[in-house]
Amino acid sequence: MKNITFYVNGAVQKINDEYPLYTSLGHYIRNVLKLTGTKVYCHEGGCGCCVVHASVFDQSSGETKEFSVNSCLFPLYSCDGYSFTTVEGLGNKNFGLHPLQKRLADANGSQCGFCSPGFVMTMYSKLKNNTKPSKEEIENSFDGNICRCTGYRAILDAMKSFAHDENPIDIEDLKNLKCLNKEQNKCNGCTDELESFHIKKDGKNWYSPVCVDQLKQFFASNSRVRFMNGNTSIGVYKRQGPFDCFIDLKNVKELNQVNVTNDSLTVGSAITLTRLQQIFKETSNNEKFSHLSKMADCLNKIGNVHIRNVASWAGNLAIKKEHKDFPSDVLIIFEICAARLNIYNKKTHIQLSLSEFLDSNELESNQYLIESVLFPSLDQNTKINYAKVSPRSTNSHAYINFGYRFSFESSESTVLKSKPVLVFNGLTEHFFHASEIEKFLGEKDISNNEIFKKSVEILTKELDSSGINEINDPLSPSSDYKINLAVSLFYKSILELNKVDKKFEKTIDNIVDIRTVSRSEQSFESKASLHPITKPMAKINAYSQTSGETKYVDDLSLLSSQTHGALILSTLANAKIESIQTDKVLNLPGVIAVYLAKDIPGENNLMPKPFNVEPVFADREVSYCGQPLGIVIAESHEIAKKAARMVQVNYADIKKPILTIEDAIEENSFHPKPIHDLMIGDAQSAIEKSKNKISGELSINSSQFNFYLEGIICNVEPTEDGYKIEVTTQWIDSVQRSVAMVLGIPASTIDVQVKQIGGGFGGKTTRANIVATAAALGAHFLRRPVKIHLDLNDCMDIIGKRPIWYVKYSVGFEDDGKLNGIDYDWYSTPGFSPNGSLAFCLYNFFDSAYSCPNYSVRQHLAKTNKAASTEVRSPDVFTCYTVTENVIQHVANHLGKDPIEIRERNFFKKGDKTASGHSLPYIEIDKLVTELKQTSDYYKRKEEIEQFNSQNRHKKKGIALIPMRYPLTYNLGYYNALVAIRHHDGSVLVSHGGIEMGQGIHTKVAQCVAFEFGIPIEIISVKSTNNLVNPNVLWSGGSVTSELCCKSVMGACSILKERLEPIRKQMSGDYTWAQLIEKAFSLNTDLSAMYLQRAGEFEDIMTYDIDAAACTEALIDTLTGETQILRTDILYDCGQTMNGLIDVGQAEGGFMMGLGYMMLETAIFDPQTGKCINNGTWEYKPPMAKDVPVDFRIRFVENKPNPLGVLGSKATGEPPLILSNSVLFAIRAAIEASRKEKGLQGHFKLDLPATIDKVQQACLVDVKDFSLN
């Protein structure tokens, strides 16, 4: 049997049939080679943390091809002849970092660090192909990489430093950019001599033919065949098959051929999308194929660069044939190019048009082979183009994609010489050609406005009768939007082909395509006299993160007799459990045990007091879809996952789930009130007596998921005296207590430790208890280690999101906008349990920067059939600020005033008290806003925007300036620290009660130790947080953990300095720190100290306030709803920043997470089952690199240390999210400009998130108004 041979970081790998056929390259790299720098999370090719570099001989070009690849998707048995480089192959701390690794770390482009190796390898692949790329090319390279921490700005700045006009890499000086497989000038990889091979495993076959004859032989002798090229389709459709045979097409010589004649271009079906782009560009030099240049750019809209590098164009079409709902870009692009497919159907070779291919019933699923595509030449009088409108700017499937082909009588003519081609995808499964409008427009003059108006009427009618109105898909925008959008895209195409009035010129432009290279500014204070405090420096573990050396929980070596657990999940949300049948599963090979609620020896409760009971496993009834019912334990993660899905659960008394606040109100389904109603003054009377009164409502459906890139993972190991737990948690004490409750044992027998986690954002505060308790149960019975790993799909199924809100309000105010009274009804839904709700603390926050003498606030917690809501960065608090700003906006709209005028009229002043009674002795929000108005040129830009809007019909700009007062408390709980000095060399060990999750807590703690002792930071080491050294500590959250851990560390340092002071007096002459410590040790001085910062040490429950403001400018396309954030200026009172580099990164990351909340993110649920149906990267869309404001500026207020803060500092973790309200209200201002042009003024309801369909619909676009003049 032939060995499959490939290379990883220069080391040869030879395999044959040792691994299951579904094994991915990522699994092999991580679990066999133990190269854990490469991460895996989504298993969809959508997050980018699994990216590695690949080199292989390309048969179509005859050259070695260098490219990035998603290792989570790339099949192991497709690796023959490849050479791969992982992040470990570039460099490390011991032997030297690669410039990519170093620059990313130095720029603070690595916060939690989980995504960093993927970004490094993406840029590495870019430089392998082009050592001096442009900044635009660099930004375009990151369309497949997600970072939740940084907000992307620092990453982009670091990577753009390699641009040709910055500080490009010197290829000759960097051995790591050369082939790692060379030994004695002989290349051992990237071979061009490939052999056919056949692998049989578990009764299934894998074939890798090298010629068409072999391929046909394998094809003919097998049924249930799956053709493979890049295997990217499983990122979208995960439950494919079953298949008996896999045939890898990418090495088939004939399928990689390209043939160009004067009149045609033929491209083999194994050609990847990236290679097809190159072919299009090269061929477009021929005048007859010049149209392909534009199509090459259009191919960039498909997936992301890592997908395009391995996915074939034929695979894209095959997915469309198999799944009618798939929005294939290739289908539209090929059809407008008049392409024809050459197909082999096991009997004969046939040629079909794209329409014939889609409609053919003879082509049975997986029983045909696309061999090639033929593109005819097009004359210069034929015009084609393609458009795509997606929920996110990059790496997103289309809501609608559209293409046209018009053939004119001459180059100057607007009269069609034949029937045009107008094709759509994304409307209904079978709607492709807009045949009625095609017939109508044949041989007509498209510059004639009456003909155009008639064509709009015909197209609208055709779309309306297509069946789109009968589609009820929760994942799809409304049919009204889609019909409107389709007609709008047709309108844009006609404008593009005509000479139009200047007012319509920008209508044609695509907002996404015209985005320019981003720029940024950061400004903060650093005082040399206080260094290392206030010194901007990279995180002390940043180099380990960018080199892939940092070990997260899933990276730790598996233990002896290791087992793996997978949770059995409910498939309904509101039903009784009749029975759970596990017998068949227990008989599966590799399955060890199954445990249910009845097996729990202690309490069936994963939430310690004072929280409400939340079962580890549902017993008698299920409360949400995805609720754990039990655990399957097996010898491997894959076996456990498969077995857990096979457990049969029988349900009874099945009811429709309560999923929305409206459902809960109708069913009177509520949790007990979280807190008393807030009554300040007499709101009702104040409103009634006011000159102006308004009422309104707002729905905030931004059910945002934390989207940490490291899933929730836990490994529980039985020990001789209890259990050792490695877990991804923000709260070790909660894990310890919950496991003790479930097992019914003393908490002292449970050891929990965490070094760092790959992002948390609140989502790992209590939710890690789910896996910790389940794994501990298995470890308890088996006396073997049990590991549970929740990937993205698991996390989104099992774990709650940010609560949705519905608010009703009434407001009374004067003619100048002064608020007199506000009456609120707040409804929020924390799910089936109120455990994740922080509604009880909202009275401290909701009034933000505004004073109002009279309030009446009533809170209602709707009980729904969803998972308990999860703490998500600034939980619940974030939402109440948006509600308040909406009220201020409504007042301004009612009075016809600039909203900033109303905001300033109601600002708190020094000495005021908030609605919760919190004193404001230091507030200066008025001065800060005045300064930001000046530095952002607010009024000048507002005038320019008004001029722009008057000159452009369908593109509108808006600007908004939003202030914020955010109170912080130090009085939540305990944080302690241990500082120990080693007598050998004076180096210092530190353990503190906080969890490092990207916020830089280890670095700030080390800076404080270095400052207190006057020693180099390099000799300080921050160790894991554990419940022996750090018992009873509170969660890491609330934005204050870094400050309070620094306070505890300084307290411990003070104790040690006091002990060292007598020894100092004994030292003579110059002496070093190490000599001082050695002397102290010789005198039996205790060189370790602990300090505990206690809750309640501060007078006011809210210790201090953060003042900040943001000014954002947005551009919208009123026809499509697409939005571009042009510029954001942030002015933030950070006090005296401990580390400006880290704090700016926190602020930027928080702002971008807020932007996602405002524009993009919400979980969507099946109304019948309650299942989260956008539980992956295909449908859930957090912001990406090109969603960052094009111009992003942030400045910290200088010379204003916080008199109440630790070392004068203020927090930056959560408050910056609030500033993203400026994004929402800038978009709103742009919509207002569109509505005003239509004669509509005043307030309108814009629910969140402000997705592109909501933006377009709010602009009240009427296709009947479309005109060419």
# chains A, B, ... in the order shown; residues from 1 in each chain; ligands from 1
>>> closest_atom_pairs(of="range 103-168 of chain A", to="range 754-761 of chain A", cutoff="10 Å", atoms="only C-alpha atoms", output="Markdown table")
| residue | atom | partner | partner_atom | distance |
| --- | --- | --- | --- | --- |
| A:Gln111 | CA | A:Gly759 | CA | 8.4 |
| A:Cys112 | CA | A:Gly758 | CA | 5.0 |
| A:Gly113 | CA | A:Gly758 | CA | 6.6 |
| A:Phe114 | CA | A:Gly758 | CA | 5.2 |
| A:Cys115 | CA | A:Gly758 | CA | 8.4 |
| A:Cys147 | CA | A:Gly759 | CA | 9.7 |
| A:Arg148 | CA | A:Gly759 | CA | 7.7 |
| A:Cys149 | CA | A:Gly759 | CA | 7.1 |
>>> write_last_selection(atoms="C-alpha atoms", output="PDB file, in the first residue's frame")
ATOM      1  CA  GLN A 111      -4.994  40.086  23.436  1.00  0.00           C
ATOM      2  CA  CYS A 112      -6.364  36.671  24.409  1.00  0.00           C
ATOM      3  CA  GLY A 113      -4.033  35.295  21.735  1.00  0.00           C
ATOM      4  CA  PHE A 114      -6.244  32.475  20.533  1.00  0.00           C
ATOM      5  CA  CYS A 115      -6.667  33.923  17.047  1.00  0.00           C
ATOM      6  CA  CYS A 147     -10.807  38.427  16.346  1.00  0.00           C
ATOM      7  CA  ARG A 148     -13.241  39.225  19.141  1.00  0.00           C
ATOM      8  CA  CYS A 149     -10.719  40.960  21.431  1.00  0.00           C
TER       9      CYS A 149
END
>>> select_by_dssp(residues="range 676-756 of chain A", states="helix (DSSP H, G or I)", output="VMD selection string")
chain A and resid 683 to 689 732 to 743 747 to 749
>>> closest_residue(among="A:Arg1059, A:Gln999, A:Pro1189, A:Asn92", to="Asn1084 in chain A", atoms="only C-alpha atoms")
A:Arg1059
>>> closest_residue(among="A:Thr1251, A:Asn385, A:Ser874, A:Thr261", to="Ile333 in chain A", atoms="only C-alpha atoms")
A:Asn385
>>> residues_around(residues="Lys1264 in chain A", least_positions_apart="2", cutoff="10 Å", atoms="only C-alpha atoms", output="JSON list (two decimals) with all heavy atoms, in the first residue's frame")
[["chain", "number", "residue", "atom", "x", "y", "z"],
["A", 453, "LYS", "N", -39.46, 52.35, -16.48],
["A", 453, "LYS", "CA", -40.54, 52.31, -15.49],
["A", 453, "LYS", "C", -41.41, 51.06, -15.70],
["A", 453, "LYS", "O", -41.82, 50.41, -14.72],
["A", 453, "LYS", "CB", -41.40, 53.56, -15.63],
["A", 453, "LYS", "CG", -40.76, 54.84, -15.13],
["A", 453, "LYS", "CD", -41.05, 54.99, -13.65],
["A", 453, "LYS", "CE", -40.71, 56.38, -13.16],
["A", 453, "LYS", "NZ", -40.99, 56.53, -11.71],
["A", 454, "LYS", "N", -41.68, 50.75, -16.95],
["A", 454, "LYS", "CA", -42.49, 49.57, -17.24],
["A", 454, "LYS", "C", -41.74, 48.30, -16.84],
["A", 454, "LYS", "O", -42.35, 47.36, -16.31],
["A", 454, "LYS", "CB", -42.82, 49.54, -18.74],
["A", 454, "LYS", "CG", -43.72, 48.38, -19.15],
["A", 454, "LYS", "CD", -45.09, 48.47, -18.50],
["A", 454, "LYS", "CE", -46.01, 47.35, -18.97],
["A", 454, "LYS", "NZ", -47.33, 47.37, -18.28],
["A", 456, "VAL", "N", -39.60, 47.96, -14.43],
["A", 456, "VAL", "CA", -39.67, 47.84, -12.96],
["A", 456, "VAL", "C", -41.00, 47.24, -12.56],
["A", 456, "VAL", "O", -41.07, 46.36, -11.68],
["A", 456, "VAL", "CB", -39.47, 49.22, -12.29],
["A", 456, "VAL", "CG1", -39.86, 49.16, -10.81],
["A", 456, "VAL", "CG2", -38.03, 49.68, -12.44],
["A", 457, "GLU", "N", -42.06, 47.69, -13.23],
["A", 457, "GLU", "CA", -43.39, 47.16, -12.93],
["A", 457, "GLU", "C", -43.47, 45.66, -13.24],
["A", 457, "GLU", "O", -44.00, 44.87, -12.44],
["A", 457, "GLU", "CB", -44.42, 47.92, -13.76],
["A", 457, "GLU", "CG", -45.85, 47.49, -13.52],
["A", 457, "GLU", "CD", -46.82, 48.23, -14.44],
["A", 457, "GLU", "OE1", -46.51, 49.38, -14.82],
["A", 457, "GLU", "OE2", -47.86, 47.65, -14.78],
["A", 460, "THR", "N", -41.22, 43.63, -10.73],
["A", 460, "THR", "CA", -41.84, 43.56, -9.41],
["A", 460, "THR", "C", -42.96, 42.53, -9.40],
["A", 460, "THR", "O", -43.08, 41.73, -8.45],
["A", 460, "THR", "CB", -42.40, 44.94, -9.01],
["A", 460, "THR", "OG1", -41.34, 45.91, -9.05],
["A", 460, "THR", "CG2", -42.98, 44.90, -7.60],
["A", 1261, "VAL", "N", -37.87, 52.96, 0.82],
["A", 1261, "VAL", "CA", -37.62, 52.94, -0.62],
["A", 1261, "VAL", "C", -38.83, 52.36, -1.32],
["A", 1261, "VAL", "O", -39.31, 51.27, -0.98],
["A", 1261, "VAL", "CB", -36.36, 52.11, -0.94],
["A", 1261, "VAL", "CG1", -36.18, 51.97, -2.45],
["A", 1261, "VAL", "CG2", -35.14, 52.73, -0.30],
["A", 1262, "ASP", "N", -39.34, 53.08, -2.31],
["A", 1262, "ASP", "CA", -40.47, 52.62, -3.11],
["A", 1262, "ASP", "C", -39.99, 52.48, -4.54],
["A", 1262, "ASP", "O", -39.58, 53.45, -5.18],
["A", 1262, "ASP", "CB", -41.62, 53.62, -3.02],
["A", 1262, "ASP", "CG", -42.90, 53.11, -3.68],
["A", 1262, "ASP", "OD1", -42.82, 52.14, -4.46],
["A", 1262, "ASP", "OD2", -43.97, 53.68, -3.42],
["A", 1266, "PHE", "N", -38.43, 54.88, -8.67],
["A", 1266, "PHE", "CA", -37.17, 54.76, -9.42],
["A", 1266, "PHE", "C", -37.32, 55.43, -10.79],
["A", 1266, "PHE", "O", -38.33, 55.26, -11.48],
["A", 1266, "PHE", "CB", -36.79, 53.30, -9.63],
["A", 1266, "PHE", "CG", -36.35, 52.59, -8.38],
["A", 1266, "PHE", "CD1", -36.14, 51.22, -8.37],
["A", 1266, "PHE", "CD2", -36.14, 53.29, -7.20],
["A", 1266, "PHE", "CE1", -35.72, 50.57, -7.22],
["A", 1266, "PHE", "CE2", -35.73, 52.65, -6.05],
["A", 1266, "PHE", "CZ", -35.54, 51.28, -6.05],
["A", 1267, "SER", "N", -36.30, 56.19, -11.13],
["A", 1267, "SER", "CA", -36.33, 56.93, -12.40],
["A", 1267, "SER", "C", -34.91, 57.12, -12.89],
["A", 1267, "SER", "O", -33.96, 57.11, -12.10],
["A", 1267, "SER", "CB", -37.01, 58.28, -12.19],
["A", 1267, "SER", "OG", -36.96, 59.05, -13.37]]
>>> select_by_dssp(residues="range 658-830 of chain A", states="strand (DSSP E or B)", output="tab-separated table (two decimals) with N, CA, C and O atoms, in the first residue's frame")
chain	number	residue	atom	x	y	z
A	670	PHE	N	-43.48	34.95	33.51
A	670	PHE	CA	-42.48	35.87	34.05
A	670	PHE	C	-41.76	35.26	35.24
A	670	PHE	O	-42.33	34.46	36.00
A	678	LEU	N	-38.35	51.55	40.56
A	678	LEU	CA	-37.65	52.79	40.92
A	678	LEU	C	-38.62	53.96	40.81
A	678	LEU	O	-39.18	54.21	39.73
A	679	MET	N	-38.81	54.66	41.89
A	679	MET	CA	-39.70	55.82	41.91
A	679	MET	C	-38.92	57.02	42.44
A	679	MET	O	-38.60	57.09	43.62
A	680	ILE	N	-38.61	57.95	41.57
A	680	ILE	CA	-37.92	59.19	41.95
A	680	ILE	C	-38.87	60.34	41.63
A	680	ILE	O	-39.23	60.55	40.47
A	692	ASN	N	-44.31	69.43	26.45
A	692	ASN	CA	-44.17	68.44	25.39
A	692	ASN	C	-44.20	67.04	26.00
A	692	ASN	O	-43.56	66.78	27.02
A	693	LYS	N	-44.95	66.17	25.34
A	693	LYS	CA	-45.06	64.78	25.81
A	693	LYS	C	-44.92	63.85	24.62
A	693	LYS	O	-45.52	64.11	23.55
A	694	ILE	N	-44.18	62.80	24.80
A	694	ILE	CA	-44.04	61.78	23.76
A	694	ILE	C	-44.12	60.40	24.41
A	694	ILE	O	-43.83	60.23	25.60
A	695	SER	N	-44.48	59.43	23.63
A	695	SER	CA	-44.45	58.04	24.04
A	695	SER	C	-43.87	57.22	22.90
A	695	SER	O	-43.98	57.60	21.72
A	696	GLY	N	-43.27	56.10	23.26
A	696	GLY	CA	-42.69	55.25	22.22
A	696	GLY	C	-42.34	53.89	22.76
A	696	GLY	O	-42.57	53.57	23.93
A	697	GLU	N	-41.77	53.08	21.89
A	697	GLU	CA	-41.32	51.75	22.27
A	697	GLU	C	-40.11	51.38	21.43
A	697	GLU	O	-39.85	51.97	20.37
A	698	LEU	N	-39.36	50.42	21.93
A	698	LEU	CA	-38.15	49.99	21.24
A	698	LEU	C	-37.94	48.51	21.52
A	698	LEU	O	-38.02	48.06	22.67
A	699	SER	N	-37.68	47.75	20.47
A	699	SER	CA	-37.34	46.34	20.62
A	699	SER	C	-35.85	46.17	20.32
A	699	SER	O	-35.36	46.60	19.26
A	700	ILE	N	-35.16	45.56	21.25
A	700	ILE	CA	-33.72	45.32	21.08
A	700	ILE	C	-33.51	43.81	21.02
A	700	ILE	O	-33.47	43.14	22.04
A	713	ILE	N	-14.18	24.45	27.68
A	713	ILE	CA	-13.47	23.17	27.74
A	713	ILE	C	-13.10	22.87	29.19
A	713	ILE	O	-12.76	23.78	29.95
A	714	CYS	N	-13.15	21.61	29.54
A	714	CYS	CA	-12.79	21.21	30.90
A	714	CYS	C	-12.22	19.81	30.89
A	714	CYS	O	-12.69	18.94	30.16
A	715	ASN	N	-11.18	19.61	31.68
A	715	ASN	CA	-10.62	18.28	31.89
A	715	ASN	C	-10.58	18.04	33.40
A	715	ASN	O	-9.95	18.81	34.14
A	716	VAL	N	-11.27	17.00	33.84
A	716	VAL	CA	-11.32	16.67	35.27
A	716	VAL	C	-10.54	15.38	35.49
A	716	VAL	O	-10.86	14.35	34.89
A	717	GLU	N	-9.55	15.45	36.37
A	717	GLU	CA	-8.70	14.29	36.66
A	717	GLU	C	-8.88	13.86	38.12
A	717	GLU	O	-8.68	14.66	39.03
A	718	PRO	N	-9.26	12.61	38.33
A	718	PRO	CA	-9.32	12.13	39.72
A	718	PRO	C	-7.90	12.03	40.29
A	718	PRO	O	-6.97	11.61	39.60
A	719	THR	N	-7.75	12.47	41.52
A	719	THR	CA	-6.45	12.37	42.19
A	719	THR	C	-6.62	11.55	43.47
A	719	THR	O	-7.73	11.13	43.81
A	722	GLY	N	-8.89	13.79	45.71
A	722	GLY	CA	-9.98	14.59	45.17
A	722	GLY	C	-9.93	14.67	43.66
A	722	GLY	O	-9.75	13.67	42.97
A	723	TYR	N	-10.02	15.90	43.14
A	723	TYR	CA	-10.09	16.10	41.70
A	723	TYR	C	-9.29	17.34	41.33
A	723	TYR	O	-9.35	18.37	42.01
A	724	LYS	N	-8.60	17.23	40.20
A	724	LYS	CA	-7.88	18.37	39.64
A	724	LYS	C	-8.62	18.80	38.38
A	724	LYS	O	-8.89	17.98	37.49
A	725	ILE	N	-8.92	20.09	38.30
A	725	ILE	CA	-9.74	20.57	37.18
A	725	ILE	C	-9.00	21.68	36.43
A	725	ILE	O	-8.60	22.69	37.01
A	726	GLU	N	-8.81	21.45	35.13
A	726	GLU	CA	-8.33	22.49	34.20
A	726	GLU	C	-9.55	22.91	33.39
A	726	GLU	O	-10.17	22.09	32.72
A	727	VAL	N	-9.87	24.20	33.44
A	727	VAL	CA	-11.14	24.62	32.84
A	727	VAL	C	-11.04	26.05	32.33
A	727	VAL	O	-10.28	26.87	32.85
A	750	ILE	N	-11.31	19.70	45.83
A	750	ILE	CA	-11.36	20.06	44.41
A	750	ILE	C	-10.35	21.17	44.13
A	750	ILE	O	-10.43	22.25	44.73
A	751	ASP	N	-9.43	20.88	43.24
A	751	ASP	CA	-8.40	21.85	42.86
A	751	ASP	C	-8.69	22.37	41.46
A	751	ASP	O	-8.73	21.60	40.49
A	752	VAL	N	-8.88	23.68	41.35
A	752	VAL	CA	-9.17	24.31	40.06
A	752	VAL	C	-8.05	25.28	39.74
A	752	VAL	O	-7.64	26.06	40.61
A	753	GLN	N	-7.55	25.22	38.51
A	753	GLN	CA	-6.52	26.20	38.14
A	753	GLN	C	-6.69	26.64	36.69
A	753	GLN	O	-7.18	25.90	35.85
A	754	VAL	N	-6.31	27.89	36.45
A	754	VAL	CA	-6.41	28.50	35.12
A	754	VAL	C	-5.19	29.38	34.91
A	754	VAL	O	-4.90	30.24	35.74
A	786	VAL	N	-11.74	12.87	32.46
A	786	VAL	CA	-12.79	13.11	31.48
A	786	VAL	C	-12.66	14.53	30.95
A	786	VAL	O	-12.62	15.49	31.74
A	787	LYS	N	-12.64	14.64	29.65
A	787	LYS	CA	-12.48	15.95	29.01
A	787	LYS	C	-13.71	16.24	28.14
A	787	LYS	O	-14.15	15.39	27.37
A	788	ILE	N	-14.26	17.43	28.30
A	788	ILE	CA	-15.36	17.89	27.45
A	788	ILE	C	-14.91	19.14	26.71
A	788	ILE	O	-14.35	20.05	27.31
A	789	HIS	N	-15.17	19.16	25.42
A	789	HIS	CA	-14.77	20.28	24.57
A	789	HIS	C	-15.99	20.74	23.78
A	789	HIS	O	-16.45	20.03	22.90
A	804	ILE	N	-32.66	39.71	25.13
A	804	ILE	CA	-33.35	40.68	24.29
A	804	ILE	C	-34.23	41.56	25.18
A	804	ILE	O	-34.61	41.18	26.29
A	805	TRP	N	-34.56	42.75	24.70
A	805	TRP	CA	-35.31	43.73	25.48
A	805	TRP	C	-36.48	44.28	24.67
A	805	TRP	O	-36.43	44.36	23.43
A	806	TYR	N	-37.49	44.67	25.40
A	806	TYR	CA	-38.59	45.46	24.83
A	806	TYR	C	-38.91	46.54	25.85
A	806	TYR	O	-39.07	46.25	27.05
A	807	VAL	N	-38.99	47.77	25.38
A	807	VAL	CA	-39.16	48.91	26.29
A	807	VAL	C	-40.29	49.82	25.80
A	807	VAL	O	-40.39	50.12	24.61
A	808	LYS	N	-41.13	50.22	26.74
A	808	LYS	CA	-42.14	51.25	26.49
A	808	LYS	C	-41.80	52.46	27.36
A	808	LYS	O	-41.39	52.29	28.51
A	809	TYR	N	-41.96	53.65	26.81
A	809	TYR	CA	-41.59	54.84	27.56
A	809	TYR	C	-42.53	56.00	27.26
A	809	TYR	O	-43.15	56.09	26.20
A	810	SER	N	-42.64	56.87	28.27
A	810	SER	CA	-43.32	58.16	28.11
A	810	SER	C	-42.41	59.21	28.70
A	810	SER	O	-41.79	59.00	29.76
A	811	VAL	N	-42.34	60.37	28.05
A	811	VAL	CA	-41.39	61.41	28.45
A	811	VAL	C	-42.09	62.77	28.43
A	811	VAL	O	-42.85	63.08	27.50
A	812	GLY	N	-41.79	63.58	29.42
A	812	GLY	CA	-42.24	64.96	29.44
A	812	GLY	C	-41.04	65.89	29.46
A	812	GLY	O	-40.09	65.65	30.19
A	813	PHE	N	-41.11	66.99	28.68
A	813	PHE	CA	-39.94	67.87	28.57
A	813	PHE	C	-40.37	69.25	28.10
A	813	PHE	O	-41.49	69.46	27.61
A	819	LEU	N	-35.44	67.66	30.33
A	819	LEU	CA	-36.29	66.56	30.76
A	819	LEU	C	-36.97	66.88	32.09
A	819	LEU	O	-36.34	67.36	33.03
A	820	ASN	N	-38.27	66.56	32.16
A	820	ASN	CA	-39.02	66.72	33.40
A	820	ASN	C	-39.33	65.38	34.06
A	820	ASN	O	-39.28	65.26	35.29
A	821	GLY	N	-39.65	64.39	33.28
A	821	GLY	CA	-39.99	63.10	33.84
A	821	GLY	C	-39.99	62.02	32.78
A	821	GLY	O	-40.30	62.28	31.60
A	822	ILE	N	-39.63	60.80	33.19
A	822	ILE	CA	-39.63	59.65	32.27
A	822	ILE	C	-40.28	58.47	32.98
A	822	ILE	O	-39.97	58.17	34.14
A	823	ASP	N	-41.18	57.82	32.26
A	823	ASP	CA	-41.83	56.62	32.76
A	823	ASP	C	-41.42	55.45	31.86
A	823	ASP	O	-41.57	55.52	30.63
A	824	TYR	N	-40.88	54.38	32.47
A	824	TYR	CA	-40.37	53.24	31.72
A	824	TYR	C	-41.07	51.96	32.13
A	824	TYR	O	-41.34	51.73	33.32
A	825	ASP	N	-41.30	51.10	31.17
A	825	ASP	CA	-41.54	49.67	31.40
A	825	ASP	C	-40.46	48.92	30.66
A	825	ASP	O	-40.39	48.96	29.43
A	826	TRP	N	-39.60	48.24	31.40
A	826	TRP	CA	-38.50	47.47	30.81
A	826	TRP	C	-38.84	45.99	30.87
A	826	TRP	O	-39.10	45.43	31.94
A	827	TYR	N	-38.83	45.35	29.73
A	827	TYR	CA	-38.99	43.90	29.65
A	827	TYR	C	-37.69	43.30	29.11
A	827	TYR	O	-37.18	43.75	28.08
A	828	SER	N	-37.19	42.31	29.79
A	828	SER	CA	-36.03	41.58	29.26
A	828	SER	C	-36.25	40.10	29.49
A	828	SER	O	-37.06	39.70	30.33
A	829	THR	N	-35.55	39.28	28.73
A	829	THR	CA	-35.74	37.85	28.85
A	829	THR	C	-34.43	37.14	29.13
A	829	THR	O	-33.61	36.97	28.23
A	830	PRO	N	-34.22	36.73	30.38
A	830	PRO	CA	-33.01	35.99	30.72
A	830	PRO	C	-33.11	34.49	30.43
A	830	PRO	O	-32.24	33.73	30.81
>>> residues_around(residues="range 410-421 of chain A", least_positions_apart="3", cutoff="7 Å", atoms="only C-alpha atoms", output="PyMOL selection string")
chain A and resi 336+380-381+404-407+438-439+441-447
>>> closest_residue(among="A:Leu790, A:Ala314, A:Val423, A:Ala270", to="Val40 in chain A", atoms="only C-alpha atoms")
A:Leu790
>>> atom_distance(atom1="CA of Ile631 in chain A", atom2="CA of Ile577 in chain A")
15.9 Å
>>> residues_around(residues="range 275-291 of chain A", least_positions_apart="2", cutoff="8 Å", atoms="only C-alpha atoms", output="ChimeraX atom specification")
/A:260,262-263,271-273,293-297,299,309,313,377-380,383-384
